[in-house]
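Student: Here you go, final08.cif (mmCIF, C-alpha atoms):
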```cif
data_run
#
loop_
_atom_site.label_atom_id
_atom_site.label_comp_id
_atom_site.auth_asym_id
_atom_site.auth_seq_id
_atom_site.Cartn_x
_atom_site.Cartn_y
_atom_site.Cartn_z
CA MET A 1176 -26.86 -62.97 -37.71
CA GLY A 1177 -29.75 -60.49 -37.70
CA TYR A 1178 -32.34 -59.23 -35.27
CA LYS A 1179 -35.60 -60.53 -33.89
CA VAL A 1180 -37.96 -57.60 -34.44
CA VAL A 1181 -41.43 -56.85 -33.09
CA VAL A 1182 -43.81 -54.33 -34.68
CA ALA A 1183 -46.60 -53.49 -32.24
CA GLY A 1184 -49.60 -51.75 -33.73
CA ALA A 1185 -48.93 -53.35 -37.10
CA THR A 1186 -52.41 -52.76 -38.53
CA GLY A 1187 -52.33 -48.97 -38.12
CA ASN A 1188 -51.01 -46.45 -40.64
CA VAL A 1189 -47.64 -46.06 -38.90
CA GLY A 1190 -47.26 -49.76 -38.08
CA ARG A 1191 -47.78 -50.74 -41.71
CA GLU A 1192 -45.24 -48.12 -42.78
CA MET A 1193 -42.75 -49.50 -40.26
CA LEU A 1194 -43.04 -52.94 -41.85
CA ASN A 1195 -42.70 -51.44 -45.34
CA ILE A 1196 -39.61 -49.45 -44.43
CA LEU A 1197 -37.91 -52.31 -42.58
CA ALA A 1198 -38.25 -54.30 -45.81
CA GLU A 1199 -37.30 -51.43 -48.14
CA ARG A 1200 -34.14 -50.60 -46.21
CA GLU A 1201 -33.26 -54.28 -45.84
CA PHE A 1202 -32.96 -54.06 -42.08
CA PRO A 1203 -31.17 -57.25 -40.95
CA VAL A 1204 -34.17 -59.22 -39.69
CA ASP A 1205 -33.85 -62.87 -38.68
CA GLU A 1206 -37.39 -63.08 -37.40
CA ILE A 1207 -40.27 -60.60 -37.32
CA VAL A 1208 -43.67 -60.59 -35.66
CA ALA A 1209 -46.61 -58.22 -36.17
CA LEU A 1210 -48.67 -57.50 -33.05
CA ALA A 1211 -52.09 -55.89 -32.75
CA SER A 1212 -55.00 -55.67 -30.34
CA ARG A 1213 -57.38 -58.62 -30.03
CA LYS A 1214 -59.97 -56.99 -32.26
CA SER A 1215 -57.41 -57.02 -35.11
CA LEU A 1216 -56.08 -60.51 -34.35
CA GLY A 1217 -55.23 -62.44 -37.50
CA THR A 1218 -55.31 -59.41 -39.78
CA GLU A 1219 -52.80 -59.84 -42.59
CA VAL A 1220 -50.07 -57.24 -43.13
CA SER A 1221 -47.22 -57.11 -45.64
CA PHE A 1222 -43.51 -57.32 -44.94
CA GLY A 1223 -41.70 -57.15 -48.26
CA ASP A 1224 -42.91 -60.12 -50.29
CA LYS A 1225 -44.15 -61.89 -47.17
CA THR A 1226 -47.54 -61.76 -45.51
CA LEU A 1227 -47.74 -61.77 -41.72
CA LYS A 1228 -50.77 -62.55 -39.58
CA THR A 1229 -51.01 -60.36 -36.53
CA LYS A 1230 -50.64 -61.87 -33.10
CA ASP A 1231 -52.12 -60.72 -29.79
CA LEU A 1232 -50.11 -57.94 -28.16
CA ASP A 1233 -51.70 -58.70 -24.79
CA ALA A 1234 -50.48 -62.30 -24.75
CA PHE A 1235 -47.06 -61.80 -26.37
CA ASP A 1236 -43.83 -62.70 -24.54
CA PHE A 1237 -41.02 -60.30 -25.52
CA THR A 1238 -38.31 -62.51 -24.00
CA GLY A 1239 -35.59 -63.23 -26.56
CA TRP A 1240 -36.64 -60.47 -28.94
CA ASP A 1241 -34.13 -57.70 -29.70
CA ILE A 1242 -36.06 -54.62 -30.83
CA ALA A 1243 -39.73 -53.64 -30.60
CA LEU A 1244 -41.14 -50.79 -32.67
CA PHE A 1245 -44.24 -49.47 -30.91
CA ALA A 1246 -47.05 -47.63 -32.70
CA VAL A 1247 -49.93 -48.29 -30.33
CA GLY A 1248 -50.59 -44.95 -28.59
CA SER A 1249 -49.69 -43.83 -25.09
CA GLU A 1250 -52.25 -45.85 -23.11
CA ALA A 1251 -51.22 -49.22 -24.55
CA THR A 1252 -47.55 -48.23 -24.49
CA LYS A 1253 -47.83 -47.54 -20.76
CA ILE A 1254 -48.84 -51.18 -20.26
CA TYR A 1255 -46.68 -53.06 -22.75
CA ALA A 1256 -43.46 -51.06 -23.21
CA PRO A 1257 -42.21 -51.65 -19.63
CA LYS A 1258 -42.92 -55.37 -20.05
CA ALA A 1259 -40.92 -55.51 -23.27
CA ALA A 1260 -38.08 -53.46 -21.79
CA ALA A 1261 -37.92 -55.59 -18.64
CA SER A 1262 -37.59 -58.71 -20.78
CA GLY A 1263 -34.48 -57.31 -22.50
CA CYS A 1264 -36.16 -56.09 -25.68
CA VAL A 1265 -35.29 -52.48 -26.61
CA VAL A 1266 -38.45 -50.44 -27.25
CA ILE A 1267 -38.53 -47.68 -29.86
CA ASP A 1268 -41.76 -45.89 -29.07
CA ASN A 1269 -43.72 -43.65 -31.42
CA SER A 1270 -46.15 -42.32 -28.79
CA SER A 1271 -45.61 -39.21 -26.67
CA LEU A 1272 -45.43 -41.19 -23.41
CA TYR A 1273 -41.66 -41.19 -22.90
CA ARG A 1274 -40.56 -38.20 -24.99
CA TYR A 1275 -40.16 -35.87 -22.02
CA ASP A 1276 -38.67 -38.42 -19.61
CA PRO A 1277 -35.13 -37.19 -18.88
CA LYS A 1278 -33.90 -40.78 -18.70
CA VAL A 1279 -35.26 -41.70 -22.14
CA PRO A 1280 -33.39 -40.48 -25.24
CA LEU A 1281 -35.49 -38.64 -27.83
CA ILE A 1282 -33.75 -39.20 -31.13
CA VAL A 1283 -33.67 -37.96 -34.69
CA PRO A 1284 -30.62 -39.78 -36.11
CA GLU A 1285 -29.48 -36.92 -38.38
CA VAL A 1286 -29.49 -34.59 -35.36
CA ASN A 1287 -28.53 -36.36 -32.12
CA ALA A 1288 -27.58 -39.97 -32.86
CA ASP A 1289 -25.00 -39.90 -30.03
CA ALA A 1290 -27.87 -39.92 -27.52
CA ILE A 1291 -28.52 -43.56 -28.48
CA TYR A 1292 -26.34 -44.86 -25.65
CA GLU A 1293 -28.83 -43.51 -23.10
CA TYR A 1294 -31.24 -46.30 -24.11
CA LYS A 1295 -29.68 -48.41 -21.36
CA ASN A 1296 -31.37 -46.24 -18.69
CA LYS A 1297 -34.77 -47.85 -19.32
CA ASN A 1298 -34.30 -49.97 -22.47
CA ILE A 1299 -36.61 -47.45 -24.18
CA ILE A 1300 -36.01 -44.86 -26.92
CA ALA A 1301 -38.59 -42.23 -27.85
CA ASN A 1302 -39.51 -41.21 -31.39
CA PRO A 1303 -40.41 -37.48 -31.63
CA ASN A 1304 -43.57 -35.82 -32.80
CA CYS A 1305 -43.92 -35.82 -36.59
CA SER A 1306 -43.87 -32.04 -36.92
CA THR A 1307 -40.77 -31.75 -34.74
CA ALA A 1308 -38.80 -34.46 -36.53
CA GLN A 1309 -38.78 -32.81 -39.94
CA MET A 1310 -38.10 -29.36 -38.49
CA VAL A 1311 -35.01 -30.33 -36.49
CA VAL A 1312 -33.54 -32.17 -39.50
CA ALA A 1313 -33.63 -28.81 -41.30
CA LEU A 1314 -32.49 -26.73 -38.32
CA LYS A 1315 -29.50 -28.81 -37.18
CA PRO A 1316 -27.00 -27.98 -39.96
CA LEU A 1317 -27.97 -24.30 -39.85
CA HIS A 1318 -27.61 -24.25 -36.06
CA ASP A 1319 -24.13 -25.77 -36.35
CA ARG A 1320 -23.10 -22.93 -38.66
CA ALA A 1321 -24.69 -19.81 -37.16
CA ARG A 1322 -26.33 -20.75 -33.80
CA ILE A 1323 -30.10 -20.40 -33.74
CA LYS A 1324 -31.60 -17.99 -31.18
CA ARG A 1325 -35.30 -18.20 -32.02
CA VAL A 1326 -37.68 -20.16 -34.24
CA VAL A 1327 -41.22 -19.16 -35.24
CA VAL A 1328 -43.00 -22.02 -37.01
CA SER A 1329 -46.46 -22.38 -38.49
CA THR A 1330 -47.42 -25.91 -39.46
CA TYR A 1331 -49.83 -27.19 -42.10
CA GLN A 1332 -50.44 -30.75 -40.90
CA SER A 1333 -52.17 -33.49 -42.87
CA VAL A 1334 -55.12 -35.47 -41.57
CA SER A 1335 -53.11 -38.72 -41.51
CA GLY A 1336 -51.50 -37.31 -38.38
CA ALA A 1337 -54.85 -38.02 -36.73
CA GLY A 1338 -54.85 -41.64 -37.92
CA LYS A 1339 -57.22 -43.54 -40.18
CA ALA A 1340 -60.23 -41.75 -38.68
CA GLY A 1341 -58.80 -38.43 -39.82
CA ILE A 1342 -58.24 -39.68 -43.36
CA ASP A 1343 -61.73 -41.15 -43.52
CA GLU A 1344 -63.35 -37.96 -42.27
CA LEU A 1345 -61.67 -35.80 -44.91
CA TRP A 1346 -62.58 -38.29 -47.65
CA ASP A 1347 -66.20 -38.68 -46.56
CA GLN A 1348 -66.75 -34.97 -45.92
CA THR A 1349 -65.30 -34.02 -49.30
CA LYS A 1350 -67.57 -36.48 -51.12
CA GLY A 1351 -70.52 -35.37 -49.01
CA MET A 1352 -70.08 -31.76 -50.10
CA TYR A 1353 -71.15 -32.78 -53.61
CA VAL A 1354 -73.90 -35.27 -52.81
CA PRO A 1355 -77.04 -33.80 -51.19
CA GLY A 1356 -78.10 -35.84 -48.19
CA GLN A 1357 -74.65 -37.37 -47.67
CA GLU A 1358 -73.09 -34.52 -45.73
CA VAL A 1359 -70.78 -35.65 -42.91
CA ALA A 1360 -70.64 -33.74 -39.63
CA PRO A 1361 -67.29 -33.28 -37.83
CA LYS A 1362 -66.46 -36.15 -35.53
CA LYS A 1363 -62.69 -36.69 -35.42
CA PHE A 1364 -62.04 -32.97 -35.85
CA THR A 1365 -63.66 -30.06 -34.03
CA LYS A 1366 -64.83 -28.38 -37.24
CA GLN A 1367 -65.31 -29.28 -40.89
CA ILE A 1368 -61.93 -30.30 -42.36
CA ALA A 1369 -62.97 -30.53 -46.03
CA PHE A 1370 -62.12 -27.23 -47.81
CA ASN A 1371 -61.13 -25.74 -44.46
CA VAL A 1372 -58.21 -25.33 -42.04
CA ILE A 1373 -58.37 -25.83 -38.29
CA PRO A 1374 -55.90 -24.01 -35.96
CA HIS A 1375 -56.20 -26.66 -33.28
CA ILE A 1376 -54.27 -29.94 -32.86
CA ASP A 1377 -54.41 -31.86 -29.55
CA VAL A 1378 -55.79 -30.32 -26.35
CA PHE A 1379 -55.64 -26.69 -25.21
CA LEU A 1380 -53.28 -25.73 -22.39
CA ASP A 1381 -53.69 -22.98 -19.79
CA ASP A 1382 -51.54 -20.49 -21.70
CA GLY A 1383 -53.73 -20.74 -24.81
CA SER A 1384 -51.35 -22.91 -26.80
CA THR A 1385 -52.22 -26.47 -27.79
CA LYS A 1386 -50.33 -29.57 -26.72
CA GLU A 1387 -49.08 -30.07 -30.30
CA GLU A 1388 -47.50 -26.62 -30.15
CA TRP A 1389 -46.02 -27.33 -26.72
CA LYS A 1390 -44.56 -30.61 -28.05
CA MET A 1391 -42.69 -28.78 -30.80
CA VAL A 1392 -41.18 -26.41 -28.26
CA ALA A 1393 -40.20 -29.03 -25.68
CA GLU A 1394 -38.92 -31.59 -28.19
CA THR A 1395 -36.83 -29.12 -30.19
CA LYS A 1396 -35.12 -28.06 -26.98
CA LYS A 1397 -34.46 -31.67 -25.92
CA ILE A 1398 -33.23 -32.88 -29.31
CA LEU A 1399 -31.35 -29.84 -30.60
CA ASP A 1400 -30.53 -27.21 -27.98
CA LYS A 1401 -32.35 -26.17 -24.81
CA SER A 1402 -31.34 -22.53 -25.30
CA ILE A 1403 -33.32 -22.10 -28.55
CA LYS A 1404 -36.56 -20.16 -28.16
CA VAL A 1405 -39.43 -21.73 -30.12
CA THR A 1406 -42.99 -20.61 -30.73
CA ALA A 1407 -45.40 -22.63 -32.85
CA THR A 1408 -48.88 -22.43 -34.36
CA CYS A 1409 -50.09 -25.86 -35.48
CA VAL A 1410 -52.85 -26.11 -38.06
CA ARG A 1411 -54.71 -29.11 -39.52
CA VAL A 1412 -55.24 -28.81 -43.27
CA PRO A 1413 -57.25 -30.88 -45.80
CA VAL A 1414 -54.25 -32.86 -47.08
CA PHE A 1415 -54.16 -36.65 -46.76
CA VAL A 1416 -50.42 -37.19 -46.19
CA GLY A 1417 -47.49 -34.80 -45.78
CA HIS A 1418 -46.83 -32.08 -43.24
CA SER A 1419 -45.63 -28.62 -44.30
CA GLU A 1420 -44.03 -25.93 -42.19
CA ALA A 1421 -43.23 -22.26 -42.70
CA ILE A 1422 -40.19 -21.72 -40.47
CA ASN A 1423 -38.73 -18.34 -39.53
CA ILE A 1424 -35.25 -18.61 -37.99
CA GLU A 1425 -33.27 -15.95 -36.15
CA PHE A 1426 -29.53 -16.62 -35.73
CA GLU A 1427 -26.77 -15.24 -33.54
CA GLU A 1428 -24.61 -14.69 -36.64
CA PHE A 1429 -25.48 -13.57 -40.15
CA LEU A 1430 -26.18 -16.42 -42.57
CA ASP A 1431 -26.68 -15.62 -46.23
CA TRP A 1432 -29.56 -17.48 -47.90
CA GLN A 1433 -27.25 -18.84 -50.61
CA GLU A 1434 -24.84 -20.25 -48.04
CA ALA A 1435 -27.79 -21.74 -46.14
CA GLN A 1436 -28.99 -23.33 -49.36
CA GLY A 1437 -25.54 -24.85 -49.92
CA ILE A 1438 -25.36 -26.15 -46.34
CA LEU A 1439 -28.78 -27.78 -46.60
CA ARG A 1440 -27.94 -29.38 -49.96
CA GLU A 1441 -25.10 -31.25 -48.23
CA SER A 1442 -27.06 -32.18 -45.10
CA PRO A 1443 -28.18 -35.76 -44.34
CA GLY A 1444 -31.86 -36.46 -44.84
CA VAL A 1445 -32.48 -33.16 -46.65
CA LEU A 1446 -33.32 -32.46 -50.29
CA VAL A 1447 -33.37 -28.85 -51.46
CA ILE A 1448 -35.79 -27.98 -54.26
CA ASP A 1449 -35.57 -24.21 -54.41
CA LYS A 1450 -36.01 -22.47 -57.74
CA ARG A 1451 -37.36 -18.96 -57.62
CA GLU A 1452 -39.98 -19.59 -60.26
CA PRO A 1453 -43.53 -20.95 -60.43
CA GLY A 1454 -43.49 -24.58 -59.28
CA GLY A 1455 -39.89 -24.42 -58.11
CA TYR A 1456 -40.74 -25.75 -54.64
CA ILE A 1457 -42.12 -28.94 -53.08
CA THR A 1458 -45.69 -29.47 -51.90
CA PRO A 1459 -47.09 -32.30 -49.73
CA VAL A 1460 -48.43 -34.44 -52.58
CA GLU A 1461 -44.93 -34.60 -54.07
CA CYS A 1462 -43.25 -35.85 -50.90
CA VAL A 1463 -45.53 -38.82 -50.19
CA GLY A 1464 -43.60 -42.08 -50.09
CA ASP A 1465 -40.20 -40.37 -49.93
CA TYR A 1466 -37.63 -40.52 -47.14
CA ALA A 1467 -36.37 -36.96 -47.44
CA THR A 1468 -37.25 -33.77 -45.68
CA TYR A 1469 -37.67 -31.24 -48.49
CA ILE A 1470 -36.62 -27.61 -48.15
CA SER A 1471 -37.78 -24.80 -50.44
CA ARG A 1472 -38.33 -21.01 -50.40
CA ILE A 1473 -35.01 -20.24 -48.64
CA ARG A 1474 -34.79 -16.47 -48.31
CA GLN A 1475 -33.52 -13.70 -46.10
CA ASP A 1476 -35.82 -12.16 -43.47
CA SER A 1477 -35.11 -8.45 -43.68
CA THR A 1478 -37.11 -7.61 -40.54
CA VAL A 1479 -34.43 -8.95 -38.17
CA GLU A 1480 -30.65 -8.65 -38.20
CA ASN A 1481 -29.87 -12.33 -38.80
CA GLY A 1482 -32.97 -14.04 -40.14
CA LEU A 1483 -34.01 -16.64 -42.69
CA ASN A 1484 -37.32 -18.09 -43.86
CA ILE A 1485 -37.66 -21.65 -45.16
CA TRP A 1486 -40.46 -23.95 -46.31
CA CYS A 1487 -40.18 -27.53 -45.02
CA VAL A 1488 -42.22 -30.51 -46.27
CA SER A 1489 -42.06 -34.21 -45.38
CA ASP A 1490 -44.14 -37.40 -45.41
CA ASN A 1491 -45.35 -37.47 -41.80
CA LEU A 1492 -45.95 -41.23 -41.85
CA ARG A 1493 -42.35 -41.76 -42.90
CA LYS A 1494 -39.81 -39.28 -41.53
CA GLY A 1495 -42.36 -38.08 -39.01
CA ALA A 1496 -42.92 -41.57 -37.63
CA ALA A 1497 -42.05 -44.92 -39.21
CA LEU A 1498 -38.83 -44.00 -41.04
CA ASN A 1499 -37.37 -42.22 -38.03
CA ALA A 1500 -38.15 -45.26 -35.85
CA VAL A 1501 -36.39 -47.61 -38.29
CA GLN A 1502 -33.43 -45.22 -38.54
CA ILE A 1503 -33.19 -45.29 -34.74
CA ALA A 1504 -33.17 -49.11 -34.92
CA GLU A 1505 -30.35 -48.92 -37.46
CA VAL A 1506 -28.27 -46.66 -35.21
CA LEU A 1507 -29.03 -48.89 -32.22
CA GLY A 1508 -27.88 -51.95 -34.15
CA ASN A 1509 -24.75 -50.38 -35.62
CA ARG A 1510 -23.53 -48.69 -32.43
CA CYS A 1511 -24.88 -50.77 -29.56
CA LEU A 1512 -26.35 -54.20 -30.29
CA LYS A 1513 -24.03 -55.02 -33.23
CA LYS A 1514 -25.72 -58.19 -34.44
CA GLY A 1515 -26.68 -57.34 -38.02
#
```
Would you mind giving the structure from this file in structure tokens?
Tutor:
Amino acid sequence: MGYKVVVAGATGNVGREMLNILAEREFPVDEIVALASRKSLGTEVSFGDKTLKTKDLDAFDFTGWDIALFAVGSEATKIYAPKAAASGCVVIDNSSLYRYDPKVPLIVPEVNADAIYEYKNKNIIANPNCSTAQMVVALKPLHDRARIKRVVVSTYQSVSGAGKAGIDELWDQTKGMYVPGQEVAPKKFTKQIAFNVIPHIDVFLDDGSTKEEWKMVAETKKILDKSIKVTATCVRVPVFVGHSEAINIEFEEFLDWQEAQGILRESPGVLVIDKREPGGYITPVECVGDYATYISRIRQDSTVENGLNIWCVSDNLRKGAALNAVQIAEVLGNRCLKKG
């Protein structure tokens, strides 16, 4: 006997990936429904070799359904997630709405799967920010070995993190650069994204950081260890899919780069591609469509007593969103619901 699964926001980038990954990983589904807003009602989406027509999220009754994967944004989640949870359906939410709620577990299965049992507090589980998810997968095994004191991370985040509008703007602006009269002014982003980088993701906070940077700090502490000091600079780059991060890590104990490389090679969800030669590292275009978080450029930081630098790349629509949500559903099923 399998699960009755809901995918809300099924016509968006992340929703479509959720359906793809549920099929790819052969999640034990007895019945599945794709939900969308009324304006997308009836849109066809793929689930393996099947085609589903979206149904109206606003009119849907979650009673009798086991798991709902939400990819609808915070405003819609605020309305529909409590309804689903109250009906007995466990919500796995991709928005930021519940991530900082102390009663809602924020989970990356390779890092803190044991937090899954806290879902009973509200029948809701939060999926972390894309940039946080890949980073903590890399940090966890190193933290277990040498205890991390401080992390300095600079991100290079793809436009797909801003949704379809972000992808379209990069595509249209790039074409417009070469066709006189077809130039495209910034709309989704604050400045031109084609052939440019923008050190601004989400809104600015009073201390001068952006909300994206604050998310990485708060979520790393909640998922991994509240004692770790984190500072982040988050940058949007003209890449369609795949987030990259340059991560500087300071440990309590010395950790040799070769030992770190060996630890990461054996760690769940991680693939190490680290040859000290031209091309011996992973870039965003090479990670698209893959499940793994890729680690390259592992090296000692000689400016501090116990420091390492690493380069971390992952498909943000997969590990940063849809894959992590499906992995949470797998842990939920195996440890708690036990139907599949």
Student: Residues at most 10 Å from Ala1251 (chain A), counting only C-alpha atoms, excluding those fewer than 2 positions away in the same chain, as a PyMOL selection string?
Tutor: chain A and resi 1183-1184+1212+1232-1233+1245-1249+1253-1256+1270+1272
Student: With 12 Å as the cut-off and all atoms listed in the file counted, what is the closest atom pair between each nearby residue of region 1331-1368 of chain A and region 1495-1503 of chain A? Distances in Å to one decimal, ordered by chain and number, as JSON lines.
Tutor:
```
{"residue": "A:Gln1332", "atom": "CA", "partner": "A:Gly1495", "partner_atom": "CA", "distance": 11.1}
{"residue": "A:Ser1333", "atom": "CA", "partner": "A:Gly1495", "partner_atom": "CA", "distance": 11.5}
{"residue": "A:Ser1335", "atom": "CA", "partner": "A:Gly1495", "partner_atom": "CA", "distance": 11.1}
{"residue": "A:Gly1336", "atom": "CA", "partner": "A:Gly1495", "partner_atom": "CA", "distance": 9.2}
{"residue": "A:Gly1338", "atom": "CA", "partner": "A:Ala1496", "partner_atom": "CA", "distance": 11.9}
```
Student: Given only C-alpha atoms as the basis, pick out the residue of A:Val1220, A:Ile1342, A:Leu1281, A:Ile1403 nearest to Asn1302 (chain A).
Tutor: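 Once distances to Asn1302 (chain A) are computed over only C-alpha atoms, the minimum belongs to A:Leu1281.
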Student: Considering only C-alpha atoms, return as number ranges by chain whatever protein or nucleic-acid residues lie within 12 Å of Pro1284 (chain A), sequence-local ones (same chain, fewer than 6 positions apart) excluded.
Tutor: A: 1290-1291, 1300-1303, 1308-1309, 1311-1312, 1315, 1398-1399, 1443-1444, 1494, 1498-1507, 1510
Student: For the residues in that selection, give me C-alpha atoms as a PDB file, in the coordinates of the input.
Tutor:
```pdb
ATOM      1  CA  ALA A1290     -27.870 -39.920 -27.520  1.00  0.00           C
ATOM      2  CA  ILE A1291     -28.520 -43.560 -28.480  1.00  0.00           C
ATOM      3  CA  ILE A1300     -36.010 -44.860 -26.920  1.00  0.00           C
ATOM      4  CA  ALA A1301     -38.590 -42.230 -27.850  1.00  0.00           C
ATOM      5  CA  ASN A1302     -39.510 -41.210 -31.390  1.00  0.00           C
ATOM      6  CA  PRO A1303     -40.410 -37.480 -31.630  1.00  0.00           C
ATOM      7  CA  ALA A1308     -38.800 -34.460 -36.530  1.00  0.00           C
ATOM      8  CA  GLN A1309     -38.780 -32.810 -39.940  1.00  0.00           C
ATOM      9  CA  VAL A1311     -35.010 -30.330 -36.490  1.00  0.00           C
ATOM     10  CA  VAL A1312     -33.540 -32.170 -39.500  1.00  0.00           C
ATOM     11  CA  LYS A1315     -29.500 -28.810 -37.180  1.00  0.00           C
ATOM     12  CA  ILE A1398     -33.230 -32.880 -29.310  1.00  0.00           C
ATOM     13  CA  LEU A1399     -31.350 -29.840 -30.600  1.00  0.00           C
ATOM     14  CA  PRO A1443     -28.180 -35.760 -44.340  1.00  0.00           C
ATOM     15  CA  GLY A1444     -31.860 -36.460 -44.840  1.00  0.00           C
ATOM     16  CA  LYS A1494     -39.810 -39.280 -41.530  1.00  0.00           C
ATOM     17  CA  LEU A1498     -38.830 -44.000 -41.040  1.00  0.00           C
ATOM     18  CA  ASN A1499     -37.370 -42.220 -38.030  1.00  0.00           C
ATOM     19  CA  ALA A1500     -38.150 -45.260 -35.850  1.00  0.00           C
ATOM     20  CA  VAL A1501     -36.390 -47.610 -38.290  1.00  0.00           C
ATOM     21  CA  GLN A1502     -33.430 -45.220 -38.540  1.00  0.00           C
ATOM     22  CA  ILE A1503     -33.190 -45.290 -34.740  1.00  0.00           C
ATOM     23  CA  ALA A1504     -33.170 -49.110 -34.920  1.00  0.00           C
ATOM     24  CA  GLU A1505     -30.350 -48.920 -37.460  1.00  0.00           C
ATOM     25  CA  VAL A1506     -28.270 -46.660 -35.210  1.00  0.00           C
ATOM     26  CA  LEU A1507     -29.030 -48.890 -32.220  1.00  0.00           C
ATOM     27  CA  ARG A1510     -23.530 -48.690 -32.430  1.00  0.00           C
TER      28      ARG A1510
END
```
Student: Extract, using only C-alpha atoms, all DNA, RNA and protein residues at most 12 Å from Lys1295 (chain A), discarding same-chain residues fewer than 2 positions from it, and format them as a list in words.
Tutor: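 My list of contacting residues is Ala1260, Ala1261, Gly1263, Cys1264, Val1265, Val1266, Lys1278, Val1279, Pro1280, Ala1290, Ile1291, Tyr1292, Glu1293, Lys1297, Asn1298, Ile1299, Ile1300, Leu1507, Cys1511 and Leu1512 of chain A.
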Student: So the first atom is CA of Ser1442 (chain A) and the second is CA of Tyr1273 (chain A); what is the distance between them in Å, to one decimal place?
Tutor: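 Interatomic distance here is 28.1 Å.
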Student: Please provide as a PyMOL selection string all residues within 6 Å of Ala1321 (chain A), with the sequence filter that same-chain residues fewer than 3 positions apart are discarded (counting only C-alpha atoms).
Tutor: chain A and resi 1318+1426+1428
Student: Interatomic distance between CA of Gln1357 (chain A) and CA of Asn1188 (chain A)?
Tutor: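 We find that CA of Gln1357 (chain A) and CA of Asn1188 (chain A) lie 26.3 Å from each other.
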Student: The PyMOL selection byres ((chain A and resi 1471-1479) around 6) - which residues does that actually catch in the file I just gave you? List them as a PyMOL selection string.
Tutor: chain A and resi 1432+1448-1449+1456+1470+1480-1486
Student: With C-alpha atoms kept, could you save the residues just selected as a PDB file, keeping the file's coordinate frame?
Tutor:
```pdb
ATOM      1  CA  TRP A1432     -29.560 -17.480 -47.900  1.00  0.00           C
ATOM      2  CA  ILE A1448     -35.790 -27.980 -54.260  1.00  0.00           C
ATOM      3  CA  ASP A1449     -35.570 -24.210 -54.410  1.00  0.00           C
ATOM      4  CA  TYR A1456     -40.740 -25.750 -54.640  1.00  0.00           C
ATOM      5  CA  ILE A1470     -36.620 -27.610 -48.150  1.00  0.00           C
ATOM      6  CA  GLU A1480     -30.650  -8.650 -38.200  1.00  0.00           C
ATOM      7  CA  ASN A1481     -29.870 -12.330 -38.800  1.00  0.00           C
ATOM      8  CA  GLY A1482     -32.970 -14.040 -40.140  1.00  0.00           C
ATOM      9  CA  LEU A1483     -34.010 -16.640 -42.690  1.00  0.00           C
ATOM     10  CA  ASN A1484     -37.320 -18.090 -43.860  1.00  0.00           C
ATOM     11  CA  ILE A1485     -37.660 -21.650 -45.160  1.00  0.00           C
ATOM     12  CA  TRP A1486     -40.460 -23.950 -46.310  1.00  0.00           C
TER      13      TRP A1486
END
```
Student: With all atoms listed in the file as the basis for distance, which of A:Ala1211, A:Val1392, A:Val1410, A:Met1352 is at the shortest distance from Asp1377 (chain A)?
Tutor: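 So, comparing all the options, the nearest one is A:Val1410.
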Student: Please measure the separation of CA of Phe1222 (chain A) and CA of Thr1238 (chain A), giving the value in Å to one decimal.
Tutor: 22.2 Å
Student: Considering all atoms listed in the file, return as a PyMOL selection string whatever protein or nucleic-acid residues lie within 8 Å of Glu1206 (chain A), sequence-local ones (same chain, fewer than 6 positions apart) excluded.
Tutor: chain A and resi 1178-1180
Student: Where's the centre, and what are the edge lengths in Å to one decimal, of a box along x, y and z enclosing all listed atoms of region 1439-1453 of chain A padded 6 Å per side, as AutoDock Vina command-line options?
Tutor:
```
--center_x -34.3 --center_y -27.7 --center_z -52.4 --size_x 30.4 --size_y 29.5 --size_z 28.1
```
Student: Tell me which of A:Phe1370, A:Ser1271, A:Val1182, A:Thr1365 sits closest to Lys1386 (chain A), counting all atoms listed in the file.
Tutor: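 For Lys1386 (chain A), the nearest of the candidates is A:Ser1271.
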Student: Using only C-alpha atoms for the distances, tell me which of A:Arg1411, A:Lys1214, A:Arg1325, A:His1375 is nearest to Leu1345 (chain A).
Tutor: A:Arg1411
Student: If the PyMOL selection byres ((chain A and resi 1229) around 12) were run on this exact file, what residues would it hold? Put them as a ChimeraX atom specification.
Tutor: /A:1181-1187,1190-1191,1207-1222,1226-1228,1230-1235
